[in-house]
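Quick notes on the structure that follows.
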Amino acid sequence: MRILLTNDDGINAPGLAVLEDIAREISDDVWIAAPEEEQSGKGRAISLTHPVRTREVGDKAWAVAGTPSDCVLLATHNLMPEKPDLVLSGVNRGQNIAEDTSFSGTIAAALFGMQLGIPSIALSQSQSFRERGSLPWDTARAWGSKAIKPLIEHGWPGDAVMNVNFPDVEPDEVKGIQITRQGFRDESIIHTDRREDLRGNDYYWIGYKGKLSKPDAGTDLRAIYDGYVSISPLHVDLTHEVFLRTLRELWKS
């Protein structure tokens with residue numbers, strides 16, 4: 001199996017090294033194309049208004065001066081001699097669950113792989129649930145292949161990607177694996193912090209509050225809160241099916 005690795009944290013991110021360890025438990029034909037710089041929160045952006053440069057950083061490995069989607073596109077069309085059999089994106093520094101999934105560069109890379117007809121999996125390591133700064137990379141490393149090998153063996157629909165999140169607990173404290181649906185937090189955790197520069201001008205940092213919600217059972221949020229690995233099938237169809245039926249009835253009159 002020819003595996004392409006990418007991420008949104010950048011070519012030097014520790015999570016990419018963890019992902020390579022996971023991938024090499026599955027295959028020895030591993031390729032890497034990751035952003036030159038961090039691209040967190042860039043979602044499904046692709047670079048249309050400027051050229052994208054690449055830099056070879058090792059055997060079968062490139063740094064790409066672009067977005068995660070750029071990385072998958074260039075690797076598939078230009079950098080690799082043949083199309084990959086699998087795209088693995090991550091391991092992200094921080095969870096990608098609930099509404100995070102809509103702007104995650106990690107998941108966007110997997111979605112672009114899916115768009116190119118390649119089975120794709122996004123992987124993320126939850127952090128800072130136990131305490132500020134907690135980030136157990138060994139949990140992703142220990143549970144990565146356990147989570148994705150059965151998926152590879154069984155397969156999944158061509159219009160879906162698999163979203164895997166590891167809980168913020170030590171490897172031997174993981175309670176198991178749960179198949180989940182995307183959750184939704186009961187309040188926003190994104191906040192802005194206004195500051196002032198030395199010339200008296202305002203500028204802003206955008207970030208997250210480390211606040212837990214009260215998610216329903218069966219959601220990715222609940223699984224991560226409870227110490228389980230979460231696996232969710234995601235796709236790009238954003239249609240609100242329930243209200244779609246209401247609208248169709250409205251326009252019948």
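To be explicit about the labels: the chains of the structure tokens are called A, B, and onward in the order shown, and within each one the residues are counted from 1, while ligands get numbers from 1 in the order they are shown.
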
Select from segment 55-134 of chain A every residue with an atom at most 7 Å from any atom of segment 155-168 of chain A, then for each give the shortest pair of atoms and their distance in Å to one decimal, using only C-alpha atoms, rows by chain and rising number, as a tab-separated table.
residue	atom	partner	partner_atom	distance
A:Gln95	CA	A:Asn165	CA	6.2
A:Asn96	CA	A:Asn165	CA	6.9
A:Ala110	CA	A:Val161	CA	6.5
A:Leu111	CA	A:Val161	CA	6.4
A:Met114	CA	A:Asp159	CA	6.7
A:Gly117	CA	A:Gly158	CA	6.9
A:Pro119	CA	A:Gly158	CA	6.9
A:Ser120	CA	A:Val161	CA	5.5
A:Ile121	CA	A:Met162	CA	4.7
A:Ala122	CA	A:Asn163	CA	4.9
A:Leu123	CA	A:Val164	CA	4.7
A:Ser124	CA	A:Asn165	CA	4.8
A:Gln125	CA	A:Phe166	CA	4.9
A:Ser126	CA	A:Asp168	CA	5.1
A:Gln127	CA	A:Asp168	CA	5.4
A:Phe129	CA	A:Asp168	CA	6.0
A:Arg130	CA	A:Asp168	CA	6.8

Given the selection you just returned, output its residues as a file containing N, CA and C atoms, formatted as a PDB file, in the first residue's frame.
ATOM      1  N   GLN A  95      -7.689  18.159  19.267  1.00  0.00           N
ATOM      2  CA  GLN A  95      -8.825  17.422  18.745  1.00  0.00           C
ATOM      3  C   GLN A  95      -9.495  18.152  17.577  1.00  0.00           C
ATOM      4  N   ASN A  96     -10.068  17.364  16.679  1.00  0.00           N
ATOM      5  CA  ASN A  96     -10.910  17.883  15.593  1.00  0.00           C
ATOM      6  C   ASN A  96     -12.251  17.185  15.684  1.00  0.00           C
ATOM      7  N   ALA A 110      -7.886  15.402   4.182  1.00  0.00           N
ATOM      8  CA  ALA A 110      -8.532  14.111   3.949  1.00  0.00           C
ATOM      9  C   ALA A 110      -9.674  14.252   2.949  1.00  0.00           C
ATOM     10  N   LEU A 111     -10.449  15.320   3.071  1.00  0.00           N
ATOM     11  CA  LEU A 111     -11.548  15.547   2.140  1.00  0.00           C
ATOM     12  C   LEU A 111     -11.038  15.741   0.713  1.00  0.00           C
ATOM     13  N   MET A 114     -10.239  12.397  -0.642  1.00  0.00           N
ATOM     14  CA  MET A 114     -11.500  11.761  -1.045  1.00  0.00           C
ATOM     15  C   MET A 114     -11.966  12.297  -2.398  1.00  0.00           C
ATOM     16  N   GLY A 117     -10.502  10.690  -5.208  1.00  0.00           N
ATOM     17  CA  GLY A 117     -10.783   9.264  -5.310  1.00  0.00           C
ATOM     18  C   GLY A 117      -9.883   8.382  -4.468  1.00  0.00           C
ATOM     19  N   PRO A 119      -9.042   6.815  -0.669  1.00  0.00           N
ATOM     20  CA  PRO A 119      -9.505   6.635   0.711  1.00  0.00           C
ATOM     21  C   PRO A 119      -8.638   7.462   1.664  1.00  0.00           C
ATOM     22  N   SER A 120      -9.275   8.200   2.573  1.00  0.00           N
ATOM     23  CA  SER A 120      -8.531   9.161   3.386  1.00  0.00           C
ATOM     24  C   SER A 120      -9.019   9.153   4.829  1.00  0.00           C
ATOM     25  N   ILE A 121      -8.059   9.320   5.738  1.00  0.00           N
ATOM     26  CA  ILE A 121      -8.340   9.308   7.171  1.00  0.00           C
ATOM     27  C   ILE A 121      -7.660  10.505   7.820  1.00  0.00           C
ATOM     28  N   ALA A 122      -8.400  11.223   8.657  1.00  0.00           N
ATOM     29  CA  ALA A 122      -7.845  12.306   9.462  1.00  0.00           C
ATOM     30  C   ALA A 122      -7.650  11.808  10.887  1.00  0.00           C
ATOM     31  N   LEU A 123      -6.506  12.149  11.489  1.00  0.00           N
ATOM     32  CA  LEU A 123      -6.200  11.703  12.855  1.00  0.00           C
ATOM     33  C   LEU A 123      -5.793  12.905  13.698  1.00  0.00           C
ATOM     34  N   SER A 124      -6.322  12.968  14.926  1.00  0.00           N
ATOM     35  CA  SER A 124      -6.043  14.101  15.816  1.00  0.00           C
ATOM     36  C   SER A 124      -5.877  13.624  17.248  1.00  0.00           C
ATOM     37  N   GLN A 125      -4.922  14.242  17.952  1.00  0.00           N
ATOM     38  CA  GLN A 125      -4.666  13.925  19.348  1.00  0.00           C
ATOM     39  C   GLN A 125      -5.229  15.030  20.230  1.00  0.00           C
ATOM     40  N   SER A 126      -6.216  14.685  21.054  1.00  0.00           N
ATOM     41  CA  SER A 126      -6.810  15.667  21.966  1.00  0.00           C
ATOM     42  C   SER A 126      -5.772  16.154  22.963  1.00  0.00           C
ATOM     43  N   GLN A 127      -5.950  17.387  23.419  1.00  0.00           N
ATOM     44  CA  GLN A 127      -4.998  17.966  24.367  1.00  0.00           C
ATOM     45  C   GLN A 127      -5.716  18.842  25.386  1.00  0.00           C
ATOM     46  N   PHE A 129      -7.254  18.448  28.152  1.00  0.00           N
ATOM     47  CA  PHE A 129      -8.458  18.091  28.882  1.00  0.00           C
ATOM     48  C   PHE A 129      -8.138  17.807  30.347  1.00  0.00           C
ATOM     49  N   ARG A 130      -7.009  17.150  30.590  1.00  0.00           N
ATOM     50  CA  ARG A 130      -6.627  16.846  31.973  1.00  0.00           C
ATOM     51  C   ARG A 130      -6.095  18.084  32.673  1.00  0.00           C
TER      52      ARG A 130
END

| said: Please extract the residues of segment 4-118 of chain A with a backbone DSSP assignment of strand (DSSP E or B) and present them as a list in words. | reply: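 After running DSSP on the backbone, segment 4-118 of chain A has strand (DSSP E or B) at Leu4, Leu5, Thr6, Asp29, Val30, Trp31, Ile32, Ala33, Ala34, Pro35, Thr54, Arg55, Glu56, Val57, Gly58, Ala61, Trp62, Ala63, Val64, Leu86, Val87, Leu88, Ser89, Gly90, Val91, Asn92 and Arg93 of chain A.
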
| said: Excluding Trp137 of chain A and its own-chain neighbours fewer than 6 positions away, which residues fall within 9 Å of it when counting only C-alpha atoms? Please give them as a count of residues only. | reply: 7

| When you draw a straight line from atom CA of Ile46 of chain A to atom CA of Ala61 of chain A, how long is it in Å? | 20.1 Å

| Excluding same-chain residues fewer than 4 positions from Glu99 of chain A, what lies within 8 Å of it counting only C-alpha atoms, as an MDAnalysis selection string? | chainID A and resid 103 182:185

| request: Would you list the contacts of Pro81 of chain A as a VMD selection string, taking every protein, DNA or RNA residue within 12 Å and counting only C-alpha atoms, but skipping same-chain residues closer than 5 positions in sequence? | output: chain A and resid 2 4 31 60 74 to 76

| request: Find the residues near Ser89 of chain A: any atom within 6 Å, counting only C-alpha atoms, skip ones fewer than 3 places away on the same chain, and give them as a PyMOL selection string. | output: chain A and resi 5-7+106+122

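Closest approach to Glu131 of chain A among A:Ser102, A:Val169, A:Val242, A:Asp8: A:Val169, based on only C-alpha atoms.
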
| Residue nearest Glu25 of chain A - candidates A:Ile148, A:Leu221, A:Val236, A:Leu250, atoms counted: only C-alpha atoms |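 Selected residue with least distance to Glu25 of chain A: A:Ile148.
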